Amino acid sequence: MPGVLKLWETSPSGLDPRVDAFLSSLTVDSRLLEVDLRGSAAHAAMLGVSGIIPESNAKALTDALAAMLAEARSGALKPDASAEDVHSFIEQELTRRLGDTGKMVHAGRSRNDQVALDMRLYLRSSFGEAVDGIRDVLGALCDLASANVETWMPSYTHMRRAQPSTLAFHLLAWCAALERDMGRFADAAARADECPLGSAAVAGSGLPLDREAVAKALGFARPSRNAMDATADRDACVEYAAAASTLLMHLSRYCEEIILWSSAEFGFMDIKDSCSTGSSIMPQKRNPDVAELIRGKTGRVFGSLVSLLTMQKGLPLGYDRDLQEDKVAVFDLRDTLAGVLPAFAALVEALVPKPAAMAAALESGHPEATDLAELLVVKGVPFRDGYAATKSAVAVATAAGVRLASLGDADLARASDAFAKAGIKAADLAAYLVPAGCVARRNLIGGPAPQRVREELTRLYSLVEVSGLKR
Ligand code: ARG
């Protein structure tokens with residue numbers, strides 16, 4: 001807007017309007033209004049306490065900033081579109097409200113450390129929000145798993161039936177990865193827990209700023225350790241994007257499984273109408289759109305990570321304007337996670353398992369074959385010999401169109417003499433090879449046995465209950 005000088009102008013510079021529009025970041029960074037006001041208030045208060053500006057001016061600044069924060073929260077304070085960025089808007093607004101006092105706020109500060117601080121504060125709540133969102137997903141998964149500890153189904157490798165397992169065990173596999181995802185956000189939050197303010201443009205300030213006090217006032221563990229790094233670094237953005245990418249990579253796998261399981265071809269579960277959609281032309285259809293859209297958004301999340309990495313590749317230190325592009329990526333990531341995590345929790349809550357269909361999938365393909373081979377090991381047969389004998393038994397059973405548990409003594413003898421030598425009778429196999437027995441025997445740490453799964457559920461429930469990250 002003509003007449004409004006940039007912070008760095010003392011007289012109109014005649015910036016080409018096309019360049020002016022190109023450089024402006026206000027439409028994007030106005031989202032930092034609240035965090036910038038909080039950071040500005042901590043800085044202004046410190047300027048007064050340190051004697052850099054008179055206490056009365058510092059008080060006027062903090063009062064005005066507090067009023068502006070309240071107005072920002074109520075929606076009454078809207079950044080003026082003519083400002084170059086949100087930082088400029090705040091100083092211009094302070095000067096409009098307080099006259100010369102407003103012009104004191106930027107002592108010992110640059111927009112470079114200001115925007116670095118804003119992103120730290122913004123990311124702090126973003127990390128916390130992600131952790132909370134994952135926690136809600138874990139809670140939903142634990143509830144579904146608790147109800148399905150003895151819902152027998154095949155486990156798969158290479159997308160082929162492998163060994164008898166349970167739905168709860170499969171869901172706990174999802175939880176194991178999601179717990180790591182939660183840890184990734186928490187770890188990144190801990191590393192980002194440093195206050196850049198006082199770094200100024202690149203090489204600090206000669207004014208007697210109290211960096212410790214500002215860091216403490218804003219709830220940081222400590223001030224950042226190098227002014228040049230603090231203003232040029234966007235690692236916290238990258239780590240947020242990397243954690244989000246890993247999370248979405250996981251969720252897209254689980255969504256794919258849900259899509260398969262809820263298909264007519266699998267028929268393992270239904271998705272309630274609250275979480276599925278219809279077709280505009282085919283009256284009979286219900287579609288798993290929630291799962292598909294989460295899978296689809298994964299690409300955009302990976303894109304943000306790549307964009308943040310590429311933006312910084314080869315950038316000389318300290319600050320370069322390229323870094324302004326961090327916001328588009330981080331804000332989009334936060335919006336995406338804010339949509340995806342509650343939607344995935346809702347999807348989990350809307351799953352209606354069909355235990356009979358899952359159990360039926362154990363009736364063909366001999367997923368209990370490994371159990372038979374291990375029975376031979378228990379009877380003293382070397383595993384490779386037990387494997388070969390079982391493989392023959394599988395061939396005999398397949399030819400006869402029956403399960404291993406239904407083979408007679410003559411069938412076993414035809415398959416291999418190892419069974420008779422080991423003292424294994426066909427009559428023993430029926431009870432030994434039922435899915436419940438196969439699963440219960442795999443009761444090692446990390447196994448699918450109901451007892452193990454219940455222990456793991458207890459641990460996960462207590463994890464879900466612990467409080468979240470600081471905001
Ligand atoms: N809009 C800028 C950004 O987001 C703020 C910092 C501007 N600093 C500068 N020296 N031009 O990166």
# chains A, B, ... in the order shown; residues from 1 in each chain; ligands from 1

$ residues_around --residues "A:Cys175" --least-positions-apart "5" --cutoff "12 Å" --atoms "only C-alpha atoms" --output "JSON list (two decimals) with C-alpha atoms, in the first residue's frame"
[["chain", "number", "residue", "atom", "x", "y", "z"],
["A", 134, "ILE", "CA", -1.44, -40.49, 17.84],
["A", 135, "ARG", "CA", -2.41, -41.20, 21.43],
["A", 136, "ASP", "CA", -6.09, -41.08, 20.45],
["A", 137, "VAL", "CA", -5.42, -43.48, 17.59],
["A", 138, "LEU", "CA", -3.60, -45.85, 19.95],
["A", 139, "GLY", "CA", -6.56, -45.71, 22.33],
["A", 140, "ALA", "CA", -8.98, -46.64, 19.55],
["A", 141, "LEU", "CA", -6.70, -49.47, 18.40],
["A", 142, "CYS", "CA", -6.33, -50.81, 21.96],
["A", 143, "ASP", "CA", -10.12, -50.85, 22.37],
["A", 144, "LEU", "CA", -10.58, -52.79, 19.12],
["A", 145, "ALA", "CA", -7.71, -55.14, 20.00],
["A", 168, "ALA", "CA", -5.55, -58.14, 18.24],
["A", 169, "PHE", "CA", -1.97, -59.19, 17.47],
["A", 170, "HIS", "CA", -2.17, -57.57, 14.05],
["A", 180, "ARG", "CA", 7.66, -45.12, 17.69],
["A", 181, "ASP", "CA", 5.99, -42.35, 15.69],
["A", 182, "MET", "CA", 4.89, -40.72, 18.93],
["A", 247, "LEU", "CA", 3.62, -41.71, 10.48],
["A", 250, "HIS", "CA", 2.55, -46.35, 8.44],
["A", 251, "LEU", "CA", -1.05, -45.18, 8.30],
["A", 254, "TYR", "CA", -2.86, -49.81, 7.65],
["A", 453, "VAL", "CA", -1.32, -59.64, 23.93],
["A", 456, "GLU", "CA", 0.94, -55.61, 25.93],
["A", 457, "LEU", "CA", -2.50, -54.02, 25.95],
["A", 459, "ARG", "CA", 1.23, -51.46, 28.87],
["A", 460, "LEU", "CA", -0.21, -49.57, 25.92],
["A", 461, "TYR", "CA", -3.23, -48.39, 27.88],
["A", 463, "LEU", "CA", 1.07, -45.19, 27.76],
["A", 464, "VAL", "CA", -2.15, -43.75, 26.35]]

$ residues_near_ligand --ligand "ligand 1" --cutoff "8 Å" --atoms "only C-alpha atoms and all ligand atoms" --output "JSON, numbers by chain"
{"A": [24, 25, 26, 29, 84, 85, 86, 87, 110, 111, 112, 114, 115, 201, 319, 320, 321, 322, 323, 324, 325, 326, 327]}

$ select_by_dssp --residues "stretch 110-336 of chain A" --states "strand (DSSP E)" --output "MDAnalysis selection string"
chainID A and resid 152:157 160:166 194:195 222:223 269:271 277:278 286:287

$ write_last_selection --atoms "C-alpha atoms" --output "PDB file, in the first residue's frame"
ATOM      1  CA  TRP A 152      -8.344 -65.930  15.032  1.00  0.00           C
ATOM      2  CA  MET A 153      -7.096 -64.946  11.608  1.00  0.00           C
ATOM      3  CA  PRO A 154      -4.130 -65.737   9.389  1.00  0.00           C
ATOM      4  CA  SER A 155      -0.983 -63.651   9.533  1.00  0.00           C
ATOM      5  CA  TYR A 156       0.492 -62.970   6.110  1.00  0.00           C
ATOM      6  CA  THR A 157       3.900 -62.772   4.486  1.00  0.00           C
ATOM      7  CA  ARG A 160       0.003 -65.173   1.405  1.00  0.00           C
ATOM      8  CA  ARG A 161      -1.409 -66.919   4.465  1.00  0.00           C
ATOM      9  CA  ALA A 162       1.475 -67.649   6.842  1.00  0.00           C
ATOM     10  CA  GLN A 163       0.616 -68.692  10.412  1.00  0.00           C
ATOM     11  CA  PRO A 164      -2.472 -68.541  12.643  1.00  0.00           C
ATOM     12  CA  SER A 165      -2.663 -65.258  14.521  1.00  0.00           C
ATOM     13  CA  THR A 166      -5.299 -62.911  15.926  1.00  0.00           C
ATOM     14  CA  GLU A 194      15.915 -23.910  22.514  1.00  0.00           C
ATOM     15  CA  CYS A 195      15.070 -20.227  22.260  1.00  0.00           C
ATOM     16  CA  ARG A 222      17.630 -22.926  27.265  1.00  0.00           C
ATOM     17  CA  PRO A 223      18.738 -20.272  24.765  1.00  0.00           C
ATOM     18  CA  MET A 269     -14.669 -56.775   8.381  1.00  0.00           C
ATOM     19  CA  ASP A 270     -17.202 -54.125   7.558  1.00  0.00           C
ATOM     20  CA  ILE A 271     -16.787 -50.379   7.831  1.00  0.00           C
ATOM     21  CA  THR A 277     -19.351 -43.438   1.482  1.00  0.00           C
ATOM     22  CA  GLY A 278     -21.746 -44.336  -1.312  1.00  0.00           C
ATOM     23  CA  ARG A 286     -20.077 -48.533   0.051  1.00  0.00           C
ATOM     24  CA  ASN A 287     -16.550 -47.253  -0.465  1.00  0.00           C
TER      25      ASN A 287
END

$ residues_around --residues "A:Leu7" --least-positions-apart "4" --cutoff "9 Å" --atoms "only C-alpha atoms" --output "PyMOL selection string"
chain A and resi 84+88+91-92

$ write_last_selection --atoms "N, CA, C and O atoms" --output "PDB file, in the first residue's frame"
ATOM      1  N   GLU A  84       4.553  -6.222   5.079  1.00  0.00           N
ATOM      2  CA  GLU A  84       5.405  -7.161   4.352  1.00  0.00           C
ATOM      3  C   GLU A  84       5.282  -8.568   4.931  1.00  0.00           C
ATOM      4  O   GLU A  84       5.268  -9.560   4.208  1.00  0.00           O
ATOM      5  N   SER A  88       6.445  -7.364  10.640  1.00  0.00           N
ATOM      6  CA  SER A  88       6.321  -5.941  10.299  1.00  0.00           C
ATOM      7  C   SER A  88       4.978  -5.414  10.772  1.00  0.00           C
ATOM      8  O   SER A  88       4.876  -4.307  11.328  1.00  0.00           O
ATOM      9  N   GLU A  91       4.991  -4.631  14.578  1.00  0.00           N
ATOM     10  CA  GLU A  91       5.717  -3.407  14.954  1.00  0.00           C
ATOM     11  C   GLU A  91       4.965  -2.171  14.458  1.00  0.00           C
ATOM     12  O   GLU A  91       4.856  -1.159  15.168  1.00  0.00           O
ATOM     13  N   GLN A  92       4.421  -2.263  13.249  1.00  0.00           N
ATOM     14  CA  GLN A  92       3.663  -1.112  12.721  1.00  0.00           C
ATOM     15  C   GLN A  92       2.431  -0.832  13.589  1.00  0.00           C
ATOM     16  O   GLN A  92       2.090   0.317  13.869  1.00  0.00           O
TER      17      GLN A  92
END

$ select_by_dssp --residues "stretch 229-421 of chain A" --states "helix (DSSP H, G or I)" --output "ChimeraX atom specification"
/A:229-232,235-261,273-275,289-312,321-349,355-360,369-378,383-400,404-406,409-415,418-421

$ atom_distance --atom1 "atom CA of A:Glu265" --atom2 "atom CA of A:Ala357"
10.7 Å

$ closest_atom_pairs --of "stretch 157-241 of chain A" --to "stretch 332-349 of chain A" --cutoff "12 Å" --atoms "only C-alpha atoms" --output "CSV"
residue,atom,partner,partner_atom,distance
A:Leu171,CA,A:Val348,CA,10.0
A:Trp174,CA,A:Val348,CA,11.5
A:Leu178,CA,A:Leu341,CA,11.2
A:Cys237,CA,A:Leu333,CA,9.9
A:Val238,CA,A:Leu333,CA,11.0
A:Glu239,CA,A:Leu333,CA,11.7
A:Tyr240,CA,A:Leu333,CA,8.5
A:Ala241,CA,A:Leu333,CA,7.0

$ residues_around --residues "A:Ser406" --least-positions-apart "6" --cutoff "9 Å" --atoms "only C-alpha atoms" --output "MDAnalysis selection string"
chainID A and resid 397 426:427 429:430

$ atom_distance --atom1 "atom CA of A:Glu212" --atom2 "atom CA of A:Glu93"
27.6 Å

$ residues_around --residues "A:Asp193" --least-positions-apart "5" --cutoff "9 Å" --atoms "only C-alpha atoms" --output "ChimeraX atom specification"
/A:120,124,188,219-224

$ write_last_selection --atoms "N, CA, C and O atoms" --output "CSV table (one decimal), in the first residue's frame"
chain,number,residue,atom,x,y,z
A,120,ARG,N,9.7,-22.1,16.2
A,120,ARG,CA,9.9,-23.0,17.4
A,120,ARG,C,8.6,-23.1,18.2
A,120,ARG,O,8.2,-24.2,18.6
A,124,ARG,N,6.3,-26.3,18.6
A,124,ARG,CA,6.1,-26.9,19.9
A,124,ARG,C,4.6,-27.4,20.0
A,124,ARG,O,4.4,-28.5,20.4
A,188,ALA,N,11.9,-35.0,18.7
A,188,ALA,CA,12.2,-33.8,17.9
A,188,ALA,C,11.8,-32.6,18.7
A,188,ALA,O,12.5,-31.5,18.7
A,219,GLY,N,9.2,-20.5,28.1
A,219,GLY,CA,9.0,-22.0,28.4
A,219,GLY,C,10.1,-22.9,27.7
A,219,GLY,O,9.8,-24.1,27.6
A,220,PHE,N,11.2,-22.3,27.2
A,220,PHE,CA,12.2,-23.1,26.6
A,220,PHE,C,13.2,-23.6,27.7
A,220,PHE,O,13.4,-23.0,28.7
A,221,ALA,N,13.8,-24.7,27.3
A,221,ALA,CA,14.8,-25.3,28.2
A,221,ALA,C,16.0,-24.4,28.4
A,221,ALA,O,16.7,-24.3,29.4
A,222,ARG,N,16.4,-23.7,27.3
A,222,ARG,CA,17.6,-22.9,27.3
A,222,ARG,C,17.7,-22.1,26.0
A,222,ARG,O,16.9,-22.3,25.1
A,223,PRO,N,18.5,-21.0,26.0
A,223,PRO,CA,18.7,-20.3,24.8
A,223,PRO,C,19.5,-21.1,23.8
A,223,PRO,O,20.3,-22.0,24.2
A,224,SER,N,19.3,-20.9,22.5
A,224,SER,CA,20.1,-21.6,21.5
A,224,SER,C,21.6,-21.2,21.6
A,224,SER,O,21.9,-20.2,22.2

$ atom_distance --atom1 "atom CA of A:Gly128" --atom2 "atom CA of A:Leu469"
5.1 Å

$ residues_around --residues "A:Asp36" --least-positions-apart "4" --cutoff "6 Å" --atoms "only C-alpha atoms" --output "PyMOL selection string"
chain A and resi 32+40+118

$ residues_around --residues "stretch 226-230 of chain A" --least-positions-apart "3" --cutoff "8 Å" --atoms "only C-alpha atoms" --output "PyMOL selection string"
chain A and resi 113+116+196+198-200+202-204+233+317-319

$ write_last_selection --atoms "N, CA and C atoms" --output "short mmCIF file (atom, residue, chain, number, x, y, z; two decimals), in the first residue's frame"
data_model
loop_
_atom_site.label_atom_id
_atom_site.label_comp_id
_atom_site.auth_asym_id
_atom_site.auth_seq_id
_atom_site.Cartn_x
_atom_site.Cartn_y
_atom_site.Cartn_z
N ASP A 113 15.87 -13.79 13.92
CA ASP A 113 15.69 -14.59 15.15
C ASP A 113 14.21 -14.62 15.55
N ALA A 116 12.60 -17.35 13.52
CA ALA A 116 13.10 -18.65 14.02
C ALA A 116 12.38 -19.01 15.32
N PRO A 196 15.70 -19.16 20.13
CA PRO A 196 16.63 -18.45 19.25
C PRO A 196 16.73 -16.94 19.55
N GLY A 198 17.52 -13.29 20.65
CA GLY A 198 18.81 -12.79 21.13
C GLY A 198 19.92 -13.14 20.15
N SER A 199 19.59 -13.94 19.15
CA SER A 199 20.58 -14.23 18.10
C SER A 199 20.65 -13.07 17.12
N ALA A 200 19.57 -12.27 17.11
CA ALA A 200 19.45 -11.12 16.21
C ALA A 200 19.59 -11.56 14.75
N VAL A 202 22.30 -12.44 12.80
CA VAL A 202 23.20 -13.55 12.49
C VAL A 202 24.29 -13.72 13.54
N ALA A 203 24.72 -12.59 14.14
CA ALA A 203 25.92 -12.65 14.99
C ALA A 203 25.66 -12.07 16.37
N GLY A 204 24.40 -12.15 16.81
CA GLY A 204 24.09 -11.69 18.16
C GLY A 204 23.98 -10.18 18.26
N ASP A 233 19.00 -22.22 10.81
CA ASP A 233 18.61 -23.63 10.96
C ASP A 233 17.10 -23.82 10.90
N LEU A 317 25.19 -20.09 5.15
CA LEU A 317 24.78 -19.50 6.42
C LEU A 317 25.12 -18.02 6.42
N GLY A 318 24.38 -17.10 7.10
CA GLY A 318 23.22 -17.38 7.94
C GLY A 318 21.93 -17.36 7.16
N TYR A 319 20.99 -16.47 7.57
CA TYR A 319 19.64 -16.47 7.01
C TYR A 319 19.65 -16.15 5.52
#

$ closest_residue --among "A:Gln312, A:Asp273, A:Leu167, A:Thr298" --to "A:Ala449" --atoms "only C-alpha atoms"
A:Leu167
